[in-house]
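> What follows is a single structure, and I will ask about it in a moment.
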Amino acid sequence: MTFVGKPVYNISGVNIISFGTVLEEKMENKWTWCRVNWINQIPANPYDRLNFNPETGWFRCDTIKVFEPSKMISEISELIIE
């Protein structure tokens with residue numbers, strides 16, 4: 001499975017959700033790494049440099065989650081109480 005072109009998110013800290021799209025991927029040390037174009041904010045976790053490098057945009061595949069935006073929007077809209 002390729003990650004290129006897929007929408008992804010990352011949760012950093014306790015409650016910071018970053019959304020983006022995978023631009024490219026590579027294999028390094030038996031791991032798939034993805035370079036992500038983040039649309040709202042770059043994930044921040046200075047203690048986890050082994051799994052991602054925010055400055056270069058490369059994130060190990062297990063630090064990002066592929067998702068379906070329309071499905072997530074639909075599920076979140078169920079939480080809206082008027």
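A note on labels: chains of the structure tokens are A, B, ... as shown, every chain counts residues from 1, and ligands are counted from 1 in their shown order.
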For Gly57 (chain A), find every residue with an atom within 8 Å (counting only C-alpha atoms), except residues of its own chain fewer than 2 positions away, and show them as a PyMOL selection string.

chain A and resi 34-37+52-55+59

> From the DSSP assignment of the backbone, select every residue of chain A that is strand (DSSP E), and format the answer as a ChimeraX atom specification.

/A:7-12,16-28,31-38,52-53,58-60,65-66

> Which residue, A:Thr21, A:Asn29, A:Gln41, A:Ser74, has the smallest gap to Val8 (chain A) when you use only C-alpha atoms?

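Of A:Thr21, A:Asn29, A:Gln41, A:Ser74, the one nearest Val8 (chain A), counting only C-alpha atoms, is A:Thr21.
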
> Between A:Lys65, A:Asn40, A:Thr56, A:Ile73, which one has atoms that come closest to Pro7 (chain A), using only C-alpha atoms?

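Between A:Lys65, A:Asn40, A:Thr56, A:Ile73, the residue approaching Pro7 (chain A) most closely is A:Lys65.
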
> Quick check, in Å to one decimal: how far apart do CA of Glu78 (chain A) and CA of Cys61 (chain A) lie?

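The value is 29.3 Å.
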
> Any chance you could list, as a count of residues only, the residues in chain A that come up alpha helix (DSSP H) when DSSP is run on the backbone?

9

> Please report the interatomic distance between CA of Glu24 (chain A) and CA of Val4 (chain A) in Å with one decimal.

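Computing it gives 5.4 Å between the two atoms.
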
> How far is it from CA of Trp38 (chain A) to CA of Glu68 (chain A), in Å with one decimal?

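CA of Glu68 (chain A) lies at a distance of 15.9 Å from CA of Trp38 (chain A).
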
> Pick out the residues sitting within 7 Å of Trp33 (chain A), and hand them over as a short mmCIF file (atom, residue, chain, number, x, y, z; two decimals) with C-alpha atoms, in the first residue's frame; count only C-alpha atoms, and ignore anything fewer than 6 positions along from it in its own chain.


data_model
loop_
_atom_site.label_atom_id
_atom_site.label_comp_id
_atom_site.auth_asym_id
_atom_site.auth_seq_id
_atom_site.Cartn_x
_atom_site.Cartn_y
_atom_site.Cartn_z
CA GLU A 25 7.49 8.04 0.74
CA LYS A 26 10.77 6.20 1.15
CA MET A 27 12.16 3.11 2.88
CA TRP A 58 9.53 13.12 7.15
CA PHE A 59 7.43 11.02 9.53
CA ARG A 60 7.66 7.30 10.18
CA CYS A 61 4.51 5.59 8.90
#

> Would you mind telling me which residue in A:Ile64, A:Ile42, A:Ile11, A:Phe3 lies nearest to Leu23 (chain A) when using only C-alpha atoms?

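For Leu23 (chain A), the nearest of the given residues is A:Phe3.
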